[in-house]
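K.L.:
PDB, C-alpha atoms, pLDDT in the B column, file my_file.pdb:
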ATOM      1  CA  ILE Z   1      -1.465  17.247   9.739  1.00 50.00           C
ATOM      2  CA  ILE Z   2      -2.026  18.200   6.125  1.00 53.00           C
ATOM      3  CA  PHE Z   3       0.711  17.446   3.615  1.00 57.00           C
ATOM      4  CA  THR Z   4       0.960  19.609   0.532  1.00 55.00           C
ATOM      5  CA  MET Z   5       3.310  19.479  -2.387  1.00 56.00           C
ATOM      6  CA  SER Z   6       2.514  21.677  -5.345  1.00 52.00           C
ATOM      7  CA  VAL Z   7       4.237  20.178  -8.362  1.00 56.00           C
ATOM      8  CA  ASP Z   8       3.343  18.873 -11.801  1.00 70.00           C
ATOM      9  CA  ASP Z   9       1.853  15.374 -11.535  1.00 84.00           C
ATOM     10  CA  GLU Z  10       2.767  14.386 -15.088  1.00 93.00           C
ATOM     11  CA  PHE Z  11       5.349  11.759 -14.097  1.00 96.00           C
ATOM     12  CA  THR Z  12       3.161   9.778 -11.700  1.00 97.00           C
ATOM     13  CA  ASN Z  13       0.265   9.931 -14.134  1.00 96.00           C
ATOM     14  CA  SER Z  14       2.547   8.574 -16.869  1.00 97.00           C
ATOM     15  CA  LEU Z  15       3.504   5.653 -14.614  1.00 98.00           C
ATOM     16  CA  LYS Z  16      -0.144   4.855 -13.929  1.00 97.00           C
ATOM     17  CA  GLU Z  17      -0.885   5.035 -17.658  1.00 97.00           C
ATOM     18  CA  ALA Z  18       1.976   2.594 -18.297  1.00 98.00           C
ATOM     19  CA  ALA Z  19       0.197   0.082 -16.044  1.00 98.00           C
ATOM     20  CA  GLY Z  20      -2.792   0.246 -18.378  1.00 97.00           C
ATOM     21  CA  ASP Z  21      -5.817  -1.861 -17.492  1.00 97.00           C
ATOM     22  CA  GLN Z  22      -3.919  -3.608 -14.712  1.00 97.00           C
ATOM     23  CA  TRP Z  23      -4.341  -0.502 -12.589  1.00 98.00           C
ATOM     24  CA  ASN Z  24      -8.099  -0.641 -13.152  1.00 97.00           C
ATOM     25  CA  ARG Z  25      -8.203  -4.344 -12.325  1.00 97.00           C
ATOM     26  CA  ILE Z  26      -6.557  -3.640  -8.980  1.00 98.00           C
ATOM     27  CA  VAL Z  27      -8.705  -0.714  -7.887  1.00 97.00           C
ATOM     28  CA  ASN Z  28     -11.892  -2.495  -9.003  1.00 98.00           C
ATOM     29  CA  HIS Z  29     -10.909  -5.959  -7.769  1.00 98.00           C
ATOM     30  CA  LYS Z  30     -13.644  -7.987  -6.099  1.00 98.00           C
ATOM     31  CA  PHE Z  31     -11.636  -7.956  -2.863  1.00 98.00           C
ATOM     32  CA  THR Z  32     -11.954  -4.172  -2.680  1.00 98.00           C
ATOM     33  CA  THR Z  33     -15.671  -4.261  -3.429  1.00 97.00           C
ATOM     34  CA  GLU Z  34     -16.353  -7.024  -0.922  1.00 97.00           C
ATOM     35  CA  ILE Z  35     -14.360  -5.501   1.928  1.00 98.00           C
ATOM     36  CA  GLY Z  36     -16.088  -2.224   1.150  1.00 97.00           C
ATOM     37  CA  ASN Z  37     -19.628  -3.584   1.456  1.00 96.00           C
ATOM     38  CA  GLY Z  38     -18.731  -6.049   4.207  1.00 96.00           C
ATOM     39  CA  SER Z  39     -19.655  -9.175   2.238  1.00 96.00           C
ATOM     40  CA  ILE Z  40     -16.132 -10.583   2.049  1.00 98.00           C
ATOM     41  CA  ASP Z  41     -15.717 -14.174   3.226  1.00 98.00           C
ATOM     42  CA  ARG Z  42     -13.973 -13.918   6.574  1.00 97.00           C
ATOM     43  CA  ASN Z  43     -11.602 -16.758   5.651  1.00 97.00           C
ATOM     44  CA  VAL Z  44     -10.521 -14.775   2.579  1.00 98.00           C
ATOM     45  CA  LEU Z  45     -10.018 -11.704   4.744  1.00 98.00           C
ATOM     46  CA  LYS Z  46      -8.120 -13.724   7.341  1.00 98.00           C
ATOM     47  CA  LYS Z  47      -5.735 -15.085   4.709  1.00 98.00           C
ATOM     48  CA  TYR Z  48      -5.224 -11.602   3.277  1.00 98.00           C
ATOM     49  CA  LEU Z  49      -4.525 -10.003   6.655  1.00 98.00           C
ATOM     50  CA  ILE Z  50      -2.102 -12.711   7.773  1.00 98.00           C
ATOM     51  CA  GLN Z  51      -0.024 -12.114   4.656  1.00 98.00           C
ATOM     52  CA  ASP Z  52      -0.464  -8.330   4.569  1.00 97.00           C
ATOM     53  CA  HIS Z  53       0.698  -7.970   8.165  1.00 95.00           C
ATOM     54  CA  ARG Z  54       4.045  -9.434   7.126  1.00 96.00           C
ATOM     55  CA  PHE Z  55       4.735  -6.385   4.958  1.00 94.00           C
ATOM     56  CA  LEU Z  56       4.857  -4.067   7.937  1.00 93.00           C
ATOM     57  CA  ASP Z  57       8.559  -4.412   8.688  1.00 95.00           C
ATOM     58  CA  ALA Z  58       9.602  -4.099   5.025  1.00 98.00           C
ATOM     59  CA  PHE Z  59       7.204  -1.185   4.565  1.00 97.00           C
ATOM     60  CA  VAL Z  60       8.720   0.619   7.557  1.00 97.00           C
ATOM     61  CA  ILE Z  61      12.194   0.024   6.095  1.00 98.00           C
ATOM     62  CA  LEU Z  62      11.037   1.412   2.734  1.00 98.00           C
ATOM     63  CA  LEU Z  63       9.351   4.500   4.159  1.00 98.00           C
ATOM     64  CA  SER Z  64      12.332   5.136   6.444  1.00 98.00           C
ATOM     65  CA  SER Z  65      14.650   4.869   3.443  1.00 98.00           C
ATOM     66  CA  VAL Z  66      12.589   7.434   1.547  1.00 98.00           C
ATOM     67  CA  ILE Z  67      12.811   9.760   4.553  1.00 98.00           C
ATOM     68  CA  ALA Z  68      16.575   9.258   4.797  1.00 98.00           C
ATOM     69  CA  ASN Z  69      17.145   9.815   1.076  1.00 98.00           C
ATOM     70  CA  ALA Z  70      14.734  12.709   0.578  1.00 97.00           C
ATOM     71  CA  ARG Z  71      16.314  15.885  -0.772  1.00 96.00           C
ATOM     72  CA  SER Z  72      15.488  18.242   2.112  1.00 96.00           C
ATOM     73  CA  LEU Z  73      14.218  18.425   5.683  1.00 96.00           C
ATOM     74  CA  GLU Z  74      10.974  19.842   4.316  1.00 95.00           C
ATOM     75  CA  ASP Z  75      10.558  16.694   2.239  1.00 96.00           C
ATOM     76  CA  ARG Z  76      11.356  14.422   5.193  1.00 97.00           C
ATOM     77  CA  ILE Z  77       9.032  15.745   7.909  1.00 96.00           C
ATOM     78  CA  PRO Z  78       5.675  14.619   6.437  1.00 96.00           C
ATOM     79  CA  GLY Z  79       7.128  11.151   5.913  1.00 97.00           C
ATOM     80  CA  CYS Z  80       8.132  11.032   9.578  1.00 96.00           C
ATOM     81  CA  SER Z  81       4.558  11.868  10.581  1.00 94.00           C
ATOM     82  CA  PHE Z  82       3.191   9.121   8.335  1.00 95.00           C
ATOM     83  CA  LEU Z  83       5.708   6.643   9.739  1.00 95.00           C
ATOM     84  CA  ALA Z  84       4.313   7.302  13.218  1.00 91.00           C
ATOM     85  CA  VAL Z  85       0.813   6.490  11.939  1.00 88.00           C
ATOM     86  CA  ILE Z  86       1.922   3.293  10.205  1.00 89.00           C
ATOM     87  CA  THR Z  87       3.554   1.993  13.362  1.00 85.00           C
ATOM     88  CA  GLY Z  88       0.580   2.977  15.502  1.00 75.00           C
ATOM     89  CA  LYS Z  89      -3.075   2.678  14.522  1.00 64.00           C
ATOM     90  CA  GLU Z  90      -2.638   0.299  11.597  1.00 60.00           C
ATOM     91  CA  ASN Z  91      -0.651  -2.118  13.702  1.00 66.00           C
ATOM     92  CA  THR Z  92      -3.367  -2.305  16.375  1.00 86.00           C
ATOM     93  CA  TYR Z  93      -5.935  -2.883  13.630  1.00 91.00           C
ATOM     94  CA  PHE Z  94      -4.216  -6.124  12.687  1.00 92.00           C
ATOM     95  CA  GLU Z  95      -4.030  -7.375  16.259  1.00 92.00           C
ATOM     96  CA  ARG Z  96      -7.712  -6.619  16.876  1.00 94.00           C
ATOM     97  CA  CYS Z  97      -8.662  -8.308  13.600  1.00 96.00           C
ATOM     98  CA  PHE Z  98      -6.703 -11.453  14.416  1.00 96.00           C
ATOM     99  CA  GLU Z  99      -8.495 -11.628  17.763  1.00 96.00           C
ATOM    100  CA  LYS Z 100     -11.906 -11.060  16.162  1.00 97.00           C
ATOM    101  CA  LEU Z 101     -11.229 -13.643  13.432  1.00 97.00           C
ATOM    102  CA  GLY Z 102      -9.941 -16.192  15.937  1.00 96.00           C
ATOM    103  CA  CYS Z 103      -6.418 -16.305  14.532  1.00 96.00           C
ATOM    104  CA  THR Z 104      -3.777 -16.895  17.194  1.00 95.00           C
ATOM    105  CA  LYS Z 105      -0.102 -16.034  16.901  1.00 95.00           C
ATOM    106  CA  GLU Z 106       0.668 -19.743  17.066  1.00 96.00           C
ATOM    107  CA  GLU Z 107      -1.572 -20.387  14.063  1.00 96.00           C
ATOM    108  CA  ARG Z 108      -0.056 -17.491  12.123  1.00 97.00           C
ATOM    109  CA  ASP Z 109       3.462 -18.702  12.873  1.00 96.00           C
ATOM    110  CA  GLN Z 110       2.649 -22.027  11.220  1.00 97.00           C
ATOM    111  CA  ILE Z 111       1.580 -20.371   7.949  1.00 97.00           C
ATOM    112  CA  PRO Z 112       4.422 -19.684   5.483  1.00 97.00           C
ATOM    113  CA  ASP Z 113       4.756 -16.537   3.400  1.00 98.00           C
ATOM    114  CA  ASP Z 114       2.954 -16.910   0.087  1.00 98.00           C
ATOM    115  CA  PRO Z 115       5.050 -16.258  -3.064  1.00 98.00           C
ATOM    116  CA  CYS Z 116       3.490 -12.840  -3.671  1.00 98.00           C
ATOM    117  CA  THR Z 117       4.243 -11.852  -0.073  1.00 98.00           C
ATOM    118  CA  THR Z 118       7.860 -12.910  -0.449  1.00 98.00           C
ATOM    119  CA  GLY Z 119       8.020 -11.026  -3.747  1.00 98.00           C
ATOM    120  CA  PHE Z 120       6.721  -7.795  -2.239  1.00 98.00           C
ATOM    121  CA  ILE Z 121       8.993  -7.964   0.806  1.00 98.00           C
ATOM    122  CA  THR Z 122      11.970  -8.637  -1.464  1.00 98.00           C
ATOM    123  CA  LEU Z 123      11.075  -5.691  -3.723  1.00 98.00           C
ATOM    124  CA  MET Z 124      10.648  -3.280  -0.811  1.00 98.00           C
ATOM    125  CA  LYS Z 125      13.929  -4.300   0.806  1.00 98.00           C
ATOM    126  CA  GLU Z 126      15.784  -4.342  -2.510  1.00 98.00           C
ATOM    127  CA  VAL Z 127      14.879  -0.801  -3.503  1.00 98.00           C
ATOM    128  CA  SER Z 128      15.497   0.375   0.068  1.00 98.00           C
ATOM    129  CA  ALA Z 129      19.016  -1.054   0.038  1.00 98.00           C
ATOM    130  CA  SER Z 130      20.181  -0.294  -3.476  1.00 96.00           C
ATOM    131  CA  GLY Z 131      17.556   1.664  -5.382  1.00 97.00           C
ATOM    132  CA  SER Z 132      17.376   5.349  -6.144  1.00 98.00           C
ATOM    133  CA  LEU Z 133      14.971   7.642  -4.286  1.00 98.00           C
ATOM    134  CA  GLY Z 134      12.764   7.528  -7.379  1.00 98.00           C
ATOM    135  CA  GLU Z 135      12.667   3.722  -7.343  1.00 98.00           C
ATOM    136  CA  MET Z 136      11.792   3.667  -3.645  1.00 98.00           C
ATOM    137  CA  LEU Z 137       9.019   6.159  -4.217  1.00 98.00           C
ATOM    138  CA  SER Z 138       7.713   4.264  -7.242  1.00 98.00           C
ATOM    139  CA  VAL Z 139       7.043   1.188  -5.107  1.00 98.00           C
ATOM    140  CA  LEU Z 140       5.623   3.216  -2.229  1.00 98.00           C
ATOM    141  CA  VAL Z 141       3.338   5.229  -4.507  1.00 98.00           C
ATOM    142  CA  VAL Z 142       1.858   2.050  -6.019  1.00 98.00           C
ATOM    143  CA  CYS Z 143       1.043   0.735  -2.549  1.00 98.00           C
ATOM    144  CA  GLU Z 144      -0.565   3.913  -1.255  1.00 98.00           C
ATOM    145  CA  TRP Z 145      -2.079   5.485  -4.378  1.00 98.00           C
ATOM    146  CA  SER Z 146      -3.770   2.284  -5.562  1.00 98.00           C
ATOM    147  CA  TYR Z 147      -5.230   1.716  -2.092  1.00 98.00           C
ATOM    148  CA  GLN Z 148      -6.420   5.290  -1.830  1.00 98.00           C
ATOM    149  CA  THR Z 149      -8.105   4.949  -5.213  1.00 97.00           C
ATOM    150  CA  TRP Z 150     -10.092   1.876  -4.267  1.00 98.00           C
ATOM    151  CA  GLY Z 151     -10.646   3.120  -0.710  1.00 98.00           C
ATOM    152  CA  GLU Z 152     -12.346   6.249  -2.002  1.00 97.00           C
ATOM    153  CA  ARG Z 153     -14.305   4.160  -4.514  1.00 97.00           C
ATOM    154  CA  VAL Z 154     -15.883   1.906  -1.877  1.00 97.00           C
ATOM    155  CA  LEU Z 155     -16.104   4.380   1.011  1.00 96.00           C
ATOM    156  CA  GLY Z 156     -19.694   5.319   0.285  1.00 91.00           C
ATOM    157  CA  ASP Z 157     -20.785   1.672   0.382  1.00 88.00           C
ATOM    158  CA  SER Z 158     -18.945   0.731   3.584  1.00 87.00           C
ATOM    159  CA  LEU Z 159     -21.124  -0.634   6.382  1.00 85.00           C
ATOM    160  CA  ARG Z 160     -20.248   0.408   9.925  1.00 89.00           C
ATOM    161  CA  ASP Z 161     -21.150  -2.878  11.625  1.00 92.00           C
ATOM    162  CA  ASP Z 162     -17.815  -4.732  11.553  1.00 95.00           C
ATOM    163  CA  PHE Z 163     -14.528  -2.940  12.102  1.00 96.00           C
ATOM    164  CA  VAL Z 164     -12.504  -5.601  10.283  1.00 97.00           C
ATOM    165  CA  CYS Z 165     -13.949  -4.229   7.045  1.00 97.00           C
ATOM    166  CA  TYR Z 166     -14.733  -0.565   7.559  1.00 96.00           C
ATOM    167  CA  GLU Z 167     -11.568   0.363   9.435  1.00 95.00           C
ATOM    168  CA  TRP Z 168      -9.407  -0.992   6.584  1.00 96.00           C
ATOM    169  CA  VAL Z 169     -11.371   1.232   4.205  1.00 97.00           C
ATOM    170  CA  ASP Z 170     -11.089   4.190   6.587  1.00 95.00           C
ATOM    171  CA  LEU Z 171      -7.322   3.765   6.859  1.00 93.00           C
ATOM    172  CA  HIS Z 172      -7.032   4.098   3.082  1.00 96.00           C
ATOM    173  CA  SER Z 173      -9.426   6.956   2.368  1.00 97.00           C
ATOM    174  CA  GLY Z 174     -10.344  10.408   3.585  1.00 96.00           C
ATOM    175  CA  GLU Z 175      -8.550  13.742   3.813  1.00 95.00           C
ATOM    176  CA  TYR Z 176      -5.513  12.591   5.813  1.00 94.00           C
ATOM    177  CA  PHE Z 177      -4.659   9.616   3.632  1.00 95.00           C
ATOM    178  CA  GLY Z 178      -5.360  11.643   0.504  1.00 95.00           C
ATOM    179  CA  ALA Z 179      -2.807  14.188   1.697  1.00 95.00           C
ATOM    180  CA  VAL Z 180      -0.261  11.431   2.351  1.00 96.00           C
ATOM    181  CA  VAL Z 181      -0.695  10.133  -1.192  1.00 96.00           C
ATOM    182  CA  ALA Z 182      -0.400  13.670  -2.577  1.00 94.00           C
ATOM    183  CA  TYR Z 183       2.843  14.092  -0.619  1.00 96.00           C
ATOM    184  CA  LEU Z 184       4.336  10.810  -1.896  1.00 97.00           C
ATOM    185  CA  ARG Z 185       3.251  11.490  -5.463  1.00 96.00           C
ATOM    186  CA  GLY Z 186       4.657  14.990  -5.140  1.00 95.00           C
ATOM    187  CA  LEU Z 187       8.057  13.634  -4.121  1.00 96.00           C
ATOM    188  CA  LEU Z 188       8.033  11.199  -7.037  1.00 97.00           C
ATOM    189  CA  ASP Z 189       6.906  13.845  -9.503  1.00 95.00           C
ATOM    190  CA  LYS Z 190       9.747  16.056  -8.284  1.00 94.00           C
ATOM    191  CA  GLU Z 191      12.190  13.204  -8.862  1.00 96.00           C
ATOM    192  CA  GLY Z 192      10.734  12.770 -12.341  1.00 96.00           C
ATOM    193  CA  SER Z 193      11.688  16.372 -13.112  1.00 94.00           C
ATOM    194  CA  LEU Z 194      15.265  15.870 -11.898  1.00 95.00           C
ATOM    195  CA  ILE Z 195      16.355  12.423 -13.091  1.00 96.00           C
ATOM    196  CA  ASP Z 196      17.508  11.338 -16.546  1.00 96.00           C
ATOM    197  CA  LYS Z 197      15.879   8.966 -19.013  1.00 96.00           C
ATOM    198  CA  GLU Z 198      17.595   5.939 -17.472  1.00 97.00           C
ATOM    199  CA  GLY Z 199      16.396   6.922 -14.007  1.00 97.00           C
ATOM    200  CA  LYS Z 200      12.830   7.298 -15.262  1.00 97.00           C
ATOM    201  CA  ALA Z 201      12.987   3.856 -16.895  1.00 98.00           C
ATOM    202  CA  ALA Z 202      14.115   2.353 -13.574  1.00 98.00           C
ATOM    203  CA  CYS Z 203      11.165   4.006 -11.822  1.00 98.00           C
ATOM    204  CA  LYS Z 204       8.766   2.637 -14.414  1.00 98.00           C
ATOM    205  CA  ARG Z 205      10.188  -0.867 -14.029  1.00 98.00           C
ATOM    206  CA  ARG Z 206       9.758  -0.777 -10.252  1.00 98.00           C
ATOM    207  CA  PHE Z 207       6.278   0.743 -10.533  1.00 98.00           C
ATOM    208  CA  LEU Z 208       5.141  -2.057 -12.831  1.00 98.00           C
ATOM    209  CA  GLU Z 209       6.738  -4.741 -10.646  1.00 98.00           C
ATOM    210  CA  ALA Z 210       4.753  -3.415  -7.694  1.00 98.00           C
ATOM    211  CA  ILE Z 211       1.555  -3.240  -9.744  1.00 98.00           C
ATOM    212  CA  GLN Z 212       1.901  -6.916 -10.674  1.00 98.00           C
ATOM    213  CA  LEU Z 213       2.454  -7.881  -7.055  1.00 98.00           C
ATOM    214  CA  GLU Z 214      -0.602  -5.905  -5.942  1.00 98.00           C
ATOM    215  CA  GLU Z 215      -2.805  -7.804  -8.376  1.00 98.00           C
ATOM    216  CA  ASP Z 216      -1.213 -11.123  -7.410  1.00 98.00           C
ATOM    217  CA  PHE Z 217      -1.813 -10.342  -3.754  1.00 98.00           C
ATOM    218  CA  PHE Z 218      -5.549  -9.742  -4.174  1.00 98.00           C
ATOM    219  CA  GLU Z 219      -5.887 -12.889  -6.285  1.00 98.00           C
ATOM    220  CA  ASN Z 220      -3.932 -14.901  -3.735  1.00 98.00           C
ATOM    221  CA  ALA Z 221      -6.487 -14.204  -1.003  1.00 98.00           C
ATOM    222  CA  TYR Z 222      -9.069 -16.247  -2.927  1.00 98.00           C
ATOM    223  CA  GLU Z 223      -6.837 -19.208  -3.764  1.00 96.00           C
TER     224      GLU Z 223
END
What is this structure when it is put down as structure tokens?
P.N.:
Amino acid sequence: IIFTMSVDDEFTNSLKEAAGDQWNRIVNHKFTTEIGNGSIDRNVLKKYLIQDHRFLDAFVILLSSVIANARSLEDRIPGCSFLAVITGKENTYFERCFEKLGCTKEERDQIPDDPCTTGFITLMKEVSASGSLGEMLSVLVVCEWSYQTWGERVLGDSLRDDFVCYEWVDLHSGEYFGAVVAYLRGLLDKEGSLIDKEGKAACKRRFLEAIQLEEDFFENAYE
């Protein structure tokens, strides 16, 4: 399935520009380089995946909220297709990784949410419950666009000898994921053309909150 949305991308580009060098720090973070070339310490990766897996429920709530609040059926359908992917292949990736890394459910259950994990879950649920469509999309676009950016950056260096690394890169690169990001950015750019100055400021605030949490999350894996 190819998603297309032909609109001006000025609003999403302005949000990325507002993040300044923090955007570049995220998409060039050592975590992204190391998972790309396969050199990442497996304990770092294990910590990251345990925490990242805990976003799944909040992410599904957020994406579902975008679908429910979208302005037309045409805008909803691609999101429904992406939701099916999120609750399918990516979920089995985590389970296979936990098995490969020797991380049992019992062990995971004993590990608390780290502060950045709690922060991200809270943000996703907060905008889902009480935010505008633009605010929901601003958080979602940070998550997917930043990952697509680094995924494409490291794709050429990815080794195909350990799925725990290369499948995470594959999930966040390529034609399909690029089309998903274009769809989400397209929805947000459309909102940017329809909302007032106050609405745009709210989107920017949420975008920058999510950017900070993304950087914190990568850093947290090494602590």
K.L.:
If we count all atoms listed in the file, what is near Lys46 (chain Z) at a cut-off of 7 Å, once residues fewer than 4 positions away on the same chain are taken out, given as a compact mmCIF listing (two decimals) with C-alpha atoms, keeping the file's coordinate frame?
P.N.:
# COMPACT_ATOMS: atom_id res chain seq x y z
CA ARG Z 42 -13.97 -13.92 6.57
CA ILE Z 50 -2.10 -12.71 7.77
CA LEU Z 101 -11.23 -13.64 13.43
K.L.:
What gap, in Å, lies between CA of Pro78 (chain Z) and CA of Tyr93 (chain Z)?
P.N.:
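Separating CA of Pro78 (chain Z) from CA of Tyr93 (chain Z) is a distance of 22.2 Å.
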K.L.:
Please provide the set of residues having any atom within 12 Å of region 32-41 of chain Z, restricted to only C-alpha atoms, with same-chain residues fewer than 5 positions apart removed, written as a PyMOL selection string.
P.N.:
chain Z and resi 24-27+46-49+101+146-170+172-173+214-215+217-219+221-222
K.L.:
Run the PyMOL selection byres ((chain Z and resi 60) around 10) mentally over the shown coordinates, then write out the matched residues as a list in words, using the chain letters and numbers from the document.
P.N.:
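So the PyMOL selection byres ((chain Z and resi 60) around 10), applied here, picks out Phe55, Leu56, Asp57, Ala58, Phe59, Ile61, Leu62, Leu63, Ser64, Ser65, Val66, Leu83, Ala84, Ile86, Thr87, Met124 and Lys125 of chain Z.
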K.L.:
Hey, what's within 9 Å of region 138-144 of chain Z if we count only C-alpha atoms and toss same-chain stuff fewer than 4 positions away? As number ranges by chain, please?
P.N.:
Z: 12, 15-16, 59, 62-63, 66, 123-124, 127, 133-134, 148-149, 172, 177, 180-181, 184-185, 188, 203-211, 214
K.L.:
Please enumerate the residues selected by the PyMOL selection byres ((chain Z and resi 9-11) around 9) when evaluated against the supplied file, formatted as a PyMOL selection string.
P.N.:
chain Z and resi 6-8+12-16+185-186+188-193+200
K.L.:
Restricting the calculation to only C-alpha atoms: of Z:Asp52, Z:Asp216, Z:Glu126, Z:Glu198, which residue gets closest to Asp113 (chain Z)?
P.N.:
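Counting only C-alpha atoms, the residue closest to Asp113 (chain Z) is Z:Asp52.
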K.L.:
Restricting the calculation to all atoms listed in the file: of Z:Trp145, Z:Leu213, Z:Lys105, Z:Leu194, which residue gets closest to Thr122 (chain Z)?
P.N.:
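Result for the nearest residue to Thr122 (chain Z): Z:Leu213.
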K.L.:
Calculate how many Å separate CA of Gln212 (chain Z) from CA of Gln22 (chain Z), rounding to one decimal.
P.N.:
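We find that CA of Gln212 (chain Z) and CA of Gln22 (chain Z) lie 7.8 Å from each other.
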K.L.:
For CA of Ile121 (chain Z) and CA of His53 (chain Z), quote the distance in Å rounded to one decimal.
P.N.:
11.1 Å
K.L.:
Would you pick out the contacts of region 72-76 of chain Z at 9 Å or less, using all atoms listed in the file, so that residues sharing its chain but fewer than 4 positions from it are not included, and give the list as a PyMOL selection string?
P.N.:
chain Z and resi 66-68+80+183+187
K.L.:
Please determine, counting only C-alpha atoms, which residue among Z:Ala70, Z:Leu171, Z:Asp109, Z:Val44 has the shortest atom-to-atom distance to Lys30 (chain Z).
P.N.:
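Comparing Z:Ala70, Z:Leu171, Z:Asp109, Z:Val44 against Lys30 (chain Z), the winner is Z:Val44.
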K.L.:
Around region 94-108 of chain Z, fit a box with edges along x, y and z, padding it by 8 Å on each side, then list its centre and edge lengths in Å to one decimal as JSON.
P.N.:
{"center_x": -5.6, "center_y": -13.3, "center_z": 14.9, "size_x": 28.6, "size_y": 30.3, "size_z": 21.6}
K.L.:
Between Z:Gln51, Z:Lys197, Z:His29, Z:Glu223, which has the minimum distance to Gly119 (chain Z) (counting all atoms listed in the file)?
P.N.:
Z:Gln51
K.L.:
Return the single residue from Z:Gly79, Z:Asp21, Z:Phe31, Z:Leu45 that is closest to Ala182 (chain Z), with distances computed using only C-alpha atoms.
P.N.:
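Looking only at the distances to Ala182 (chain Z), the closest residue turns out to be Z:Gly79.
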